[in-house]
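Here's query.tsv, which has TSV, C-alpha atoms:
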chain	number	residue	atom	x	y	z
A	1	MET	CA	3.85	-6.57	-25.46
A	2	LYS	CA	3.28	-2.89	-24.65
A	3	LYS	CA	6.39	-2.92	-22.47
A	4	LEU	CA	8.45	-4.36	-25.32
A	5	LEU	CA	7.09	-1.71	-27.70
A	6	SER	CA	7.99	1.00	-25.20
A	7	ILE	CA	11.54	-0.31	-24.88
A	8	PHE	CA	11.87	-0.57	-28.67
A	9	SER	CA	10.58	2.99	-29.15
A	10	PHE	CA	13.04	4.28	-26.57
A	11	LEU	CA	15.91	2.55	-28.32
A	12	LEU	CA	14.88	4.19	-31.59
A	13	ILE	CA	14.83	7.72	-30.21
A	14	TYR	CA	17.70	7.35	-27.72
A	15	PRO	CA	20.41	8.28	-30.27
A	16	LEU	CA	18.72	11.67	-30.73
A	17	PHE	CA	19.68	12.57	-27.16
A	18	LEU	CA	23.32	11.62	-27.48
A	19	HIS	CA	24.27	14.89	-29.15
A	20	ALA	CA	21.49	17.10	-27.77
A	21	ILE	CA	23.21	19.81	-25.77
A	22	GLN	CA	21.55	22.90	-24.36
A	23	VAL	CA	23.87	25.82	-23.76
A	24	THR	CA	23.35	29.29	-22.35
A	25	ILE	CA	24.43	32.35	-24.34
A	26	ASN	CA	24.92	35.43	-22.15
A	27	ASN	CA	24.88	38.98	-23.52
A	28	LEU	CA	26.04	40.68	-20.33
A	29	LYS	CA	29.41	38.99	-20.06
A	30	PRO	CA	32.32	39.01	-22.54
A	31	ARG	CA	32.98	35.93	-24.66
A	32	LEU	CA	36.01	34.09	-23.34
A	33	ASP	CA	38.43	31.52	-24.75
A	34	ILE	CA	39.41	28.30	-23.00
A	35	HIS	CA	42.04	30.21	-21.03
A	36	GLY	CA	39.57	32.77	-19.70
A	37	SER	CA	40.76	35.63	-21.91
A	38	ILE	CA	38.39	37.90	-23.84
A	39	ILE	CA	38.05	36.83	-27.48
A	40	ASP	CA	39.31	39.45	-29.95
A	41	ALA	CA	36.99	38.59	-32.86
A	42	HIS	CA	34.64	40.97	-34.68
A	43	ASP	CA	32.66	41.50	-37.92
A	44	GLY	CA	33.20	38.00	-39.27
A	45	SER	CA	31.42	34.71	-40.04
A	46	ILE	CA	30.60	31.73	-37.80
A	47	GLN	CA	29.68	28.41	-39.40
A	48	GLN	CA	29.44	24.69	-38.78
A	49	PHE	CA	30.47	22.85	-41.94
A	50	GLU	CA	29.84	19.28	-40.71
A	51	LYS	CA	27.00	17.84	-38.65
A	52	ASN	CA	28.02	17.71	-34.98
A	53	GLY	CA	31.33	19.28	-36.03
A	54	LEU	CA	33.14	22.35	-34.78
A	55	TYR	CA	31.93	25.89	-35.31
A	56	TYR	CA	34.52	27.97	-37.17
A	57	MET	CA	34.77	31.72	-36.69
A	58	HIS	CA	36.80	33.85	-39.11
A	59	ALA	CA	36.87	37.38	-37.79
A	60	MET	CA	38.84	40.60	-37.41
A	61	GLN	CA	41.40	40.92	-34.63
A	62	TYR	CA	41.68	44.55	-33.53
A	63	GLY	CA	44.27	44.17	-30.79
A	64	LEU	CA	44.82	46.14	-27.59
A	65	CYS	CA	44.48	49.62	-29.08
A	66	GLU	CA	42.57	51.96	-26.74
A	67	GLU	CA	39.56	53.61	-28.27
A	68	PRO	CA	39.57	57.34	-29.09
A	69	PRO	CA	38.00	59.76	-26.59
A	70	LYS	CA	35.14	60.74	-28.91
A	71	TYR	CA	33.40	58.17	-31.10
A	72	GLY	CA	34.60	55.16	-33.05
A	73	CYS	CA	34.73	56.80	-36.45
A	74	ASP	CA	36.37	60.11	-35.56
A	75	GLY	CA	39.46	60.37	-37.72
A	76	ALA	CA	38.22	57.69	-40.12
A	77	GLY	CA	41.03	56.75	-42.46
A	78	MET	CA	43.74	57.70	-39.97
A	79	GLU	CA	46.08	54.80	-39.26
A	80	SER	CA	46.48	55.97	-35.67
A	81	LYS	CA	42.84	55.11	-34.97
A	82	CYS	CA	41.96	51.69	-33.60
A	83	GLY	CA	39.66	50.54	-36.38
A	84	PHE	CA	41.80	51.67	-39.31
A	85	GLN	CA	45.18	50.01	-38.87
A	86	MET	CA	46.64	47.93	-41.70
A	87	ASN	CA	48.15	45.19	-39.54
A	88	HIS	CA	44.93	43.72	-38.14
A	89	ASN	CA	44.85	39.94	-38.48
A	90	ILE	CA	42.04	37.75	-39.78
A	91	SER	CA	41.83	35.31	-36.90
A	92	ILE	CA	40.40	31.79	-36.83
A	93	TRP	CA	38.62	30.37	-33.79
A	94	THR	CA	36.81	27.09	-33.14
A	95	SER	CA	34.20	26.03	-30.62
A	96	PRO	CA	32.20	22.81	-30.13
A	97	ASN	CA	29.07	24.63	-28.93
A	98	LEU	CA	29.40	28.46	-29.23
A	99	THR	CA	29.62	29.00	-25.47
A	100	SER	CA	31.93	31.33	-23.62
A	101	GLU	CA	35.14	29.62	-22.43
A	102	SER	CA	34.87	27.03	-25.23
A	103	TRP	CA	36.67	29.01	-27.96
A	104	ILE	CA	40.12	27.94	-29.13
A	105	TYR	CA	42.39	30.27	-31.09
A	106	VAL	CA	43.65	28.43	-34.19
A	107	GLY	CA	45.79	31.18	-35.73
A	108	ASN	CA	45.73	33.72	-38.53
A	109	ALA	CA	44.02	32.86	-41.80
A	110	ILE	CA	46.68	34.55	-43.93
A	111	ASN	CA	49.79	36.54	-43.08
A	112	VAL	CA	49.52	40.30	-43.40
A	113	SER	CA	52.51	40.23	-45.77
A	114	ASP	CA	50.70	37.75	-48.06
A	115	ARG	CA	47.55	39.81	-48.60
A	116	PRO	CA	47.00	43.10	-50.48
A	117	ALA	CA	47.89	46.18	-48.44
A	118	GLY	CA	44.91	47.87	-46.84
A	119	VAL	CA	42.60	48.08	-43.84
A	120	VAL	CA	40.70	44.78	-43.70
A	121	PHE	CA	37.04	44.37	-42.72
A	122	ARG	CA	34.38	41.62	-42.49
A	123	PRO	CA	36.14	38.38	-43.54
A	124	HIS	CA	33.63	35.71	-44.58
A	125	LEU	CA	34.30	32.03	-45.26
A	126	VAL	CA	32.16	29.74	-47.43
A	127	TYR	CA	32.55	26.23	-48.78
A	128	ASN	CA	32.38	25.73	-52.53
A	129	PRO	CA	30.87	22.28	-53.18
A	130	LYS	CA	31.93	22.39	-56.85
A	131	THR	CA	35.64	22.95	-56.25
A	132	LYS	CA	35.58	21.35	-52.77
A	133	LEU	CA	37.58	24.30	-51.46
A	134	TYR	CA	36.98	26.78	-48.67
A	135	VAL	CA	36.83	30.32	-50.02
A	136	LEU	CA	37.72	33.25	-47.76
A	137	ILE	CA	36.73	36.73	-48.96
A	138	TRP	CA	37.40	40.05	-47.24
A	139	ASN	CA	37.14	43.69	-48.21
A	140	TYR	CA	40.00	46.11	-47.69
A	141	MET	CA	40.21	49.87	-47.73
A	142	ARG	CA	43.08	51.64	-49.48
A	143	TRP	CA	44.09	55.23	-48.84
A	144	ASN	CA	42.59	57.55	-51.50
A	145	LEU	CA	41.72	54.55	-53.71
A	146	PRO	CA	38.59	52.41	-54.12
A	147	SER	CA	38.07	49.60	-51.63
A	148	LEU	CA	38.39	46.08	-53.02
A	149	TYR	CA	37.59	42.44	-52.25
A	150	ALA	CA	40.30	39.79	-51.98
A	151	VAL	CA	39.78	36.03	-52.40
A	152	ALA	CA	41.83	33.25	-50.82
A	153	ILE	CA	41.33	29.47	-50.77
A	154	ALA	CA	42.20	26.49	-48.61
A	155	GLU	CA	41.42	22.79	-48.44
A	156	LYS	CA	40.34	23.06	-44.79
A	157	PRO	CA	38.42	25.76	-42.90
A	158	ASP	CA	41.42	26.37	-40.64
A	159	GLY	CA	43.70	26.98	-43.62
A	160	PRO	CA	46.38	27.67	-44.59
A	161	PHE	CA	44.79	30.12	-47.06
A	162	ARG	CA	46.38	31.14	-50.35
A	163	LEU	CA	45.52	34.37	-52.18
A	164	VAL	CA	44.03	33.71	-55.64
A	165	ASN	CA	42.48	37.05	-56.55
A	166	PRO	CA	43.40	40.43	-55.00
A	167	ALA	CA	40.48	42.25	-56.66
A	168	LEU	CA	37.14	40.52	-57.18
A	169	ASN	CA	35.62	42.32	-60.18
A	170	VAL	CA	32.25	43.52	-58.86
A	171	SER	CA	30.57	45.63	-61.51
A	172	ARG	CA	30.12	48.80	-59.45
A	173	GLY	CA	33.82	49.28	-58.77
A	174	GLY	CA	35.21	48.90	-55.25
A	175	GLY	CA	33.07	47.81	-52.38
A	176	GLY	CA	32.28	47.92	-48.69
A	177	ASP	CA	30.52	45.51	-46.34
A	178	PHE	CA	29.32	42.27	-47.92
A	179	ASP	CA	28.09	38.72	-47.41
A	180	ILE	CA	28.25	35.54	-49.50
A	181	LEU	CA	25.41	33.08	-50.10
A	182	VAL	CA	26.02	29.59	-51.47
A	183	ASP	CA	22.74	28.27	-52.83
A	184	ASP	CA	21.63	24.63	-52.70
A	185	ASP	CA	22.91	24.05	-56.25
A	186	GLY	CA	26.37	25.39	-55.36
A	187	THR	CA	25.94	28.77	-57.08
A	188	GLY	CA	27.56	31.65	-55.20
A	189	TYR	CA	26.26	35.19	-54.78
A	190	ILE	CA	27.74	38.30	-53.19
A	191	VAL	CA	25.65	41.08	-51.67
A	192	TYR	CA	27.69	44.23	-51.14
A	193	SER	CA	27.50	47.96	-50.51
A	194	GLN	CA	29.08	50.52	-52.78
A	195	ASN	CA	28.54	54.28	-52.83
A	196	TYR	CA	25.96	53.78	-50.05
A	197	TYR	CA	23.72	51.47	-52.12
A	198	MET	CA	23.32	47.69	-51.77
A	199	GLY	CA	23.49	45.22	-54.64
A	200	ILE	CA	23.72	41.50	-55.45
A	201	GLU	CA	25.92	39.84	-58.07
A	202	GLN	CA	26.24	36.22	-59.12
A	203	LEU	CA	29.73	34.77	-58.81
A	204	THR	CA	31.59	32.50	-61.22
A	205	PRO	CA	31.54	28.75	-60.36
A	206	ASP	CA	34.88	29.03	-58.49
A	207	PHE	CA	33.71	32.14	-56.54
A	208	TYR	CA	36.82	34.06	-57.64
A	209	TYR	CA	35.03	36.59	-59.86
A	210	SER	CA	31.66	38.21	-60.51
A	211	THR	CA	29.64	37.23	-63.58
A	212	GLY	CA	28.31	40.79	-63.82
A	213	LYS	CA	24.69	39.72	-63.29
A	214	SER	CA	23.35	42.18	-60.73
A	215	TYR	CA	20.39	43.51	-58.75
A	216	ILE	CA	20.31	46.89	-56.93
A	217	PHE	CA	18.23	47.79	-53.87
A	218	GLU	CA	16.56	51.18	-53.51
A	219	GLU	CA	17.65	52.21	-50.00
A	220	TYR	CA	20.44	54.75	-49.62
A	221	PHE	CA	23.23	54.99	-47.02
A	222	VAL	CA	23.24	51.31	-46.09
A	223	GLU	CA	25.82	48.63	-45.22
A	224	ALA	CA	26.41	45.47	-43.14
A	225	PRO	CA	24.32	43.01	-45.19
A	226	ILE	CA	23.36	39.42	-44.45
A	227	PHE	CA	22.31	37.03	-47.24
A	228	LEU	CA	20.24	34.06	-46.07
A	229	LYS	CA	18.06	31.30	-47.49
A	230	ARG	CA	15.32	29.68	-45.40
A	231	ASN	CA	12.42	27.49	-46.56
A	232	ASN	CA	13.06	28.42	-50.21
A	233	MET	CA	12.86	32.12	-49.36
A	234	TYR	CA	15.85	34.42	-49.88
A	235	TYR	CA	16.48	37.11	-47.28
A	236	VAL	CA	18.74	40.15	-47.50
A	237	LEU	CA	19.07	42.15	-44.29
A	238	PHE	CA	21.01	45.40	-43.97
A	239	GLY	CA	21.01	48.65	-42.00
A	240	TRP	CA	22.08	52.26	-42.08
A	241	CYS	CA	25.81	53.03	-42.29
A	242	CYS	CA	27.34	52.84	-38.83
A	243	CYS	CA	31.06	53.57	-38.73
A	244	TYR	CA	31.89	51.87	-35.41
A	245	CYS	CA	28.83	53.69	-34.06
A	246	MET	CA	27.96	53.15	-30.42
A	247	GLN	CA	24.23	53.66	-30.99
A	248	GLY	CA	24.00	50.68	-33.35
A	249	SER	CA	22.07	50.47	-36.57
A	250	GLY	CA	18.77	49.24	-37.95
A	251	ILE	CA	17.74	46.09	-39.78
A	252	LEU	CA	15.70	46.24	-42.98
A	253	VAL	CA	14.47	42.86	-44.25
A	254	HIS	CA	13.99	42.11	-47.96
A	255	THR	CA	12.64	38.82	-49.31
A	256	SER	CA	12.41	37.14	-52.71
A	257	LYS	CA	11.75	33.75	-54.28
A	258	ASN	CA	14.83	34.27	-56.48
A	259	PRO	CA	18.36	35.07	-55.26
A	260	MET	CA	18.69	37.78	-57.92
A	261	GLY	CA	15.36	39.37	-57.04
A	262	PRO	CA	13.17	41.27	-57.32
A	263	TYR	CA	13.03	41.80	-53.55
A	264	THR	CA	10.17	43.10	-51.41
A	265	LEU	CA	10.74	45.13	-48.24
A	266	GLN	CA	9.18	43.55	-45.15
A	267	THR	CA	6.24	45.71	-44.08
A	268	ASN	CA	6.74	45.83	-40.30
A	269	GLY	CA	9.61	48.30	-40.67
A	270	ASP	CA	13.02	48.47	-39.04
A	271	LEU	CA	13.65	45.54	-36.67
A	272	ALA	CA	16.02	47.33	-34.30
A	273	CYS	CA	15.80	51.16	-34.21
A	274	ILE	CA	13.57	52.50	-31.42
A	275	THR	CA	13.20	55.65	-29.33
A	276	THR	CA	16.36	56.19	-27.30
A	277	SER	CA	14.52	56.38	-23.97
A	278	ASP	CA	13.26	52.80	-24.45
A	279	VAL	CA	16.72	51.21	-24.80
A	280	LYS	CA	18.10	49.04	-22.03
A	281	SER	CA	20.96	50.80	-20.25
A	282	THR	CA	24.33	49.19	-20.98
A	283	PHE	CA	27.78	50.25	-19.84
A	284	VAL	CA	29.36	52.30	-22.61
A	285	ASN	CA	32.38	54.54	-22.97
A	286	GLY	CA	31.91	56.06	-26.39
A	287	LEU	CA	29.64	58.65	-27.94
A	288	PRO	CA	27.21	58.16	-30.83
A	289	THR	CA	28.75	58.62	-34.27
A	290	PRO	CA	26.78	61.66	-35.52
A	291	ASN	CA	24.10	61.12	-38.17
A	292	GLN	CA	24.84	57.41	-38.57
A	293	GLY	CA	23.16	54.13	-37.70
A	294	CYS	CA	19.72	54.57	-36.19
A	295	GLU	CA	20.35	58.32	-35.94
A	296	PHE	CA	20.53	58.67	-39.73
A	297	HIS	CA	16.76	59.22	-39.98
A	298	ASN	CA	16.00	60.29	-36.41
A	299	MET	CA	18.51	61.67	-33.88
A	300	ASN	CA	16.29	60.41	-31.03
A	301	THR	CA	16.54	56.72	-31.95
A	302	THR	CA	19.06	54.00	-31.26
A	303	SER	CA	19.27	50.23	-31.69
A	304	ILE	CA	17.34	48.32	-29.04
A	305	VAL	CA	20.38	46.03	-28.80
A	306	ARG	CA	22.89	48.86	-29.44
A	307	SER	CA	24.59	46.77	-32.13
A	308	GLN	CA	25.47	46.83	-35.79
A	309	GLN	CA	24.48	43.71	-37.72
A	310	ASN	CA	27.28	41.21	-38.14
A	311	TYR	CA	26.20	37.69	-39.12
A	312	ILE	CA	23.48	35.06	-38.69
A	313	ILE	CA	24.66	31.69	-37.34
A	314	LYS	CA	22.71	28.62	-38.46
A	315	VAL	CA	22.52	26.25	-35.49
A	316	THR	CA	20.98	22.87	-36.33
A	317	ASN	CA	20.30	20.56	-33.39
A	318	SER	CA	20.20	16.76	-33.27
A	319	SER	CA	16.56	16.60	-34.36
A	320	GLY	CA	17.27	18.69	-37.46
A	321	TYR	CA	15.67	21.92	-36.24
A	322	THR	CA	17.62	25.04	-37.20
A	323	THR	CA	17.80	28.17	-35.05
A	324	TYR	CA	19.00	31.34	-36.76
A	325	VAL	CA	21.11	33.32	-34.31
A	326	TRP	CA	21.52	37.00	-35.19
A	327	THR	CA	24.81	38.56	-34.07
A	328	GLY	CA	25.79	42.21	-33.89
A	329	ASP	CA	28.93	44.13	-32.92
A	330	ARG	CA	28.53	46.45	-29.93
A	331	TRP	CA	31.05	49.10	-30.95
A	332	GLN	CA	32.46	51.43	-28.28
A	333	GLN	CA	31.16	49.30	-25.43
A	334	ALA	CA	34.27	47.62	-24.03
A	335	PRO	CA	34.43	48.35	-20.27
A	336	ASP	CA	38.21	48.83	-20.52
A	337	ARG	CA	37.96	50.87	-23.78
A	338	ILE	CA	40.11	48.28	-25.64
A	339	LYS	CA	39.00	47.89	-29.26
A	340	GLY	CA	39.66	44.16	-29.30
A	341	HIS	CA	37.43	43.70	-26.23
A	342	GLU	CA	34.26	45.21	-27.70
A	343	PRO	CA	31.41	42.72	-27.17
A	344	GLN	CA	28.71	41.29	-29.40
A	345	TYR	CA	24.99	40.78	-28.93
A	346	TRP	CA	23.44	37.44	-29.92
A	347	THR	CA	19.76	36.55	-30.17
A	348	PRO	CA	17.65	33.85	-31.89
A	349	LEU	CA	15.45	35.24	-34.64
A	350	LYS	CA	11.71	34.60	-34.54
A	351	PHE	CA	10.15	33.74	-37.91
A	352	TYR	CA	6.39	33.86	-38.40
A	353	ASP	CA	4.52	31.31	-40.52
A	354	ASN	CA	4.46	33.70	-43.48
A	355	GLY	CA	8.27	34.04	-43.37
A	356	THR	CA	8.47	37.50	-41.84
A	357	ILE	CA	10.95	38.17	-39.04
A	358	ASP	CA	9.92	39.61	-35.69
A	359	LYS	CA	11.50	42.76	-34.28
A	360	LEU	CA	14.53	42.34	-32.02
A	361	LYS	CA	14.31	42.57	-28.26
A	362	TRP	CA	17.02	42.85	-25.63
A	363	ILE	CA	17.53	39.61	-23.71
A	364	ASP	CA	20.23	39.15	-21.08
A	365	GLU	CA	20.70	35.49	-21.99
A	366	PHE	CA	19.00	32.60	-23.77
A	367	VAL	CA	19.21	28.81	-24.00
A	368	LEU	CA	20.29	27.35	-27.32
A	369	ASP	CA	19.92	23.72	-28.37
A	370	VAL	CA	23.08	22.86	-30.32
Final structure tokens representation of the file:
Amino acid sequence: MKKLLSIFSFLLIYPLFLHAIQVTINNLKPRLDIHGSIIDAHDGSIQQFEKNGLYYMHAMQYGLCEEPPKYGCDGAGMESKCGFQMNHNISIWTSPNLTSESWIYVGNAINVSDRPAGVVFRPHLVYNPKTKLYVLIWNYMRWNLPSLYAVAIAEKPDGPFRLVNPALNVSRGGGGDFDILVDDDGTGYIVYSQNYYMGIEQLTPDFYYSTGKSYIFEEYFVEAPIFLKRNNMYYVLFGWCCCYCMQGSGILVHTSKNPMGPYTLQTNGDLACITTSDVKSTFVNGLPTPNQGCEFHNMNTTSIVRSQQNYIIKVTNSSGYTTYVWTGDRWQQAPDRIKGHEPQYWTPLKFYDNGTIDKLKWIDEFVLDV
């Protein structure tokens, strides 16, 4: 009888192993596509929209421009500089498991000629369960004019995307770096930086516009936000402005029981900025962007992972456990100085029982259960 029970129990749990895959994520090697070429994908979003489905990455494609001899933001606003050209594509990639050499290039989300003219940054894709459409939002910088957010839609995550609003009406005017949160009830929120301050606004049901309902954070000179919900707690993470800065930036964590706040700053301080002498040596070509990133408050500090915050990937395995993988762009650190070849740093976040997030550490590689 015990033998029969053992066999029956095995048959019950066996399906859990069918899709259990452990993969290794390496931070010392470049991410490659299925052809062995370095992936040109930066400051974007990575999501899995269906259980056991593909991961979709919508990100900036910077091309083969060689980086300037100084630092990434010298000559900011000059079209001749690698990060400020108006013809950069929003590229779409897919992967079954997030590993290097598994990525497939799908194409461009929207033609340059079909989007508002400007320098594009940080495209983010979300699914709207109310309209059953995929909504792609990006911010774009215009010469001597306020930056704006554009909104495009598609029936599938790989497009084709159609522009529906060239200027999302956030209440503080233009805007910089941002992220979108879709709550469990389908309500959308945008967190965005403007004039060096961070704020949240609730979106209309279609995600095309802002409702004007807002919340403003106290910190100054901040950008690169992430908006996350975990265990009924809302998290907003952002760091000091880091214009393609090689030294990387910090991570300040704010939490609330309500998406519109009020938010409380996590008490263990910045998760990434440490004394420069304690940072793991990595091969770099650039110079620190002066007075930005971790150096904004202390010239003798840098990010322990020498990265600027990009996105948090939710990776849910076959047993239903979700790992939150923090990703950051390692500006100015391409061995061949090519902008499109600049790497990223990935690491699983550690959450304590009270919901606080542990400080980041450098790890060469880690195993991820996808």
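When atom CA of Asn268 of chain A is paired with atom CA of Ser193 of chain A, their separation reads 23.2 Å.
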Nearby residues (all atoms listed in the file) at most 9 Å from Asn195 of chain A, same-chain spacing under 4 positions excluded, as a list in words: Arg172, Gly174, Gly175, Gly176, Tyr220 and Phe221 of chain A
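Atom CA of Tyr263 of chain A sits 17.2 Å away from atom CA of Phe178 of chain A.
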Interatomic distance (Å, one decimal) between atom CA of Tyr196 of chain A and atom CA of Cys241 of chain A: 7.8 Å
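Among the candidates A:Cys242, A:Leu368, A:Ala59, A:Ala272, the residue lying nearest to Tyr71 of chain A is A:Cys242 (atoms considered: all atoms listed in the file).
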10 Å contact set for Phe351 of chain A, only C-alpha atoms, chain neighbours under 6 positions out, as a VMD selection string: chain A and resid 230 323 to 324 357 to 359
Long-range neighbours of Val222 of chain A as a ChimeraX atom specification, 12 Å cut-off, all atoms listed in the file, 6 positions minimum in chain: /A:176-178,191-199,237-243,249-252,292-294,296-297,308-309
Please tabulate, as a Markdown table, the residues of segment 258-342 of chain A that come within 12 Å of segment 112-122 of chain A, each with its closest pair of atoms and the distance in Å to one decimal, counting all atoms listed in the file and ordering rows by chain, then residue number upward.
| residue | atom | partner | partner_atom | distance |
| --- | --- | --- | --- | --- |
| A:Gln309 | CA | A:Arg122 | CA | 11.2 |
| A:Asn310 | CA | A:Arg122 | CA | 8.3 |
| A:Tyr311 | CA | A:Arg122 | CA | 9.7 |
| A:Asp329 | CA | A:Arg122 | CA | 11.3 |
Residue nearest Asn97 of chain A among A:Pro205, A:Gly320, A:Gly72, A:Gly53 (counting all atoms listed in the file): A:Gly53
Proximity to Met57 of chain A - best of A:Ala109, A:Cys73, A:Leu203, A:Glu101, all atoms listed in the file: A:Ala109
Counting only C-alpha atoms, which residues in segment 182-293 of chain A sit no more than 12 Å from segment 160-166 of chain A? For each one, give the nearest pair of atoms and the distance in Å, sorted by chain then residue number, as a tab-separated table.
residue	atom	partner	partner_atom	distance
A:Asp206	CA	A:Val164	CA	10.7
A:Phe207	CA	A:Asn165	CA	10.1
A:Tyr208	CA	A:Asn165	CA	6.5
A:Tyr209	CA	A:Asn165	CA	8.2
A:Ser210	CA	A:Asn165	CA	11.6
Within 9 Å of file point (16.2, 43.8, -26.6), counting only C-alpha atoms, expressed as a ChimeraX atom specification: /A:272,279-280,303-306,347,360-364
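Comparing A:Gly107, A:Pro129, A:Pro225, A:Pro157 by their smallest distance to Asp183 of chain A, the closest is A:Pro129 (using only C-alpha atoms).
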Residues within 9 Å of (37.3, 46.9, -26.2), counting only C-alpha atoms, listed as a PDB file with C-alpha atoms, in the frame of the given file:
ATOM      1  CA  ASP A  40      39.310  39.450 -29.950  1.00  0.00           C
ATOM      2  CA  TYR A  62      41.680  44.550 -33.530  1.00  0.00           C
ATOM      3  CA  GLY A  63      44.270  44.170 -30.790  1.00  0.00           C
ATOM      4  CA  LEU A  64      44.820  46.140 -27.590  1.00  0.00           C
ATOM      5  CA  CYS A  65      44.480  49.620 -29.080  1.00  0.00           C
ATOM      6  CA  GLU A  66      42.570  51.960 -26.740  1.00  0.00           C
ATOM      7  CA  GLU A  67      39.560  53.610 -28.270  1.00  0.00           C
ATOM      8  CA  TRP A 331      31.050  49.100 -30.950  1.00  0.00           C
ATOM      9  CA  GLN A 332      32.460  51.430 -28.280  1.00  0.00           C
ATOM     10  CA  GLN A 333      31.160  49.300 -25.430  1.00  0.00           C
ATOM     11  CA  ALA A 334      34.270  47.620 -24.030  1.00  0.00           C
ATOM     12  CA  PRO A 335      34.430  48.350 -20.270  1.00  0.00           C
ATOM     13  CA  ASP A 336      38.210  48.830 -20.520  1.00  0.00           C
ATOM     14  CA  ARG A 337      37.960  50.870 -23.780  1.00  0.00           C
ATOM     15  CA  ILE A 338      40.110  48.280 -25.640  1.00  0.00           C
ATOM     16  CA  LYS A 339      39.000  47.890 -29.260  1.00  0.00           C
ATOM     17  CA  GLY A 340      39.660  44.160 -29.300  1.00  0.00           C
ATOM     18  CA  HIS A 341      37.430  43.700 -26.230  1.00  0.00           C
ATOM     19  CA  GLU A 342      34.260  45.210 -27.700  1.00  0.00           C
ATOM     20  CA  PRO A 343      31.410  42.720 -27.170  1.00  0.00           C
TER      21      PRO A 343
END
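For the choices A:Ser95, A:Thr356, A:Gln247, A:Thr302, the atom-to-atom distance to Leu32 of chain A is smallest for A:Ser95 when using all atoms listed in the file.
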With all atoms listed in the file counted and 9 Å as the cut-off, give the residues of segment 256-324 of chain A in contact with segment 43-51 of chain A, each with its shortest interatomic distance in Å and the pair that gives it, as a Markdown table.
| residue | atom | partner | partner_atom | distance |
| --- | --- | --- | --- | --- |
| A:Gln309 | CA | A:Asp43 | CA | 8.5 |
| A:Asn310 | CA | A:Asp43 | CA | 5.4 |
| A:Tyr311 | CA | A:Ser45 | CA | 6.1 |
| A:Ile312 | CA | A:Ile46 | CA | 7.9 |
| A:Ile313 | CA | A:Ile46 | CA | 6.0 |
| A:Lys314 | CA | A:Gln47 | CA | 7.0 |
| A:Val315 | CA | A:Gln48 | CA | 7.8 |
| A:Thr316 | CA | A:Lys51 | CA | 8.2 |
| A:Asn317 | CA | A:Lys51 | CA | 8.9 |
| A:Ser318 | CA | A:Lys51 | CA | 8.7 |
Hey, could you pull the box centre and edge lengths for segment 216-233 of chain A, axis-aligned, 8 Å padding per side, all listed atoms, to one decimal in Å, as JSON?
{"center_x": 19.4, "center_y": 41.2, "center_z": -50.0, "size_x": 30.0, "size_y": 43.5, "size_z": 29.8}
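Among the candidates A:Phe84, A:Phe227, A:Trp103, A:Tyr345, the one nearest to Leu54 of chain A when counting only C-alpha atoms is A:Trp103.
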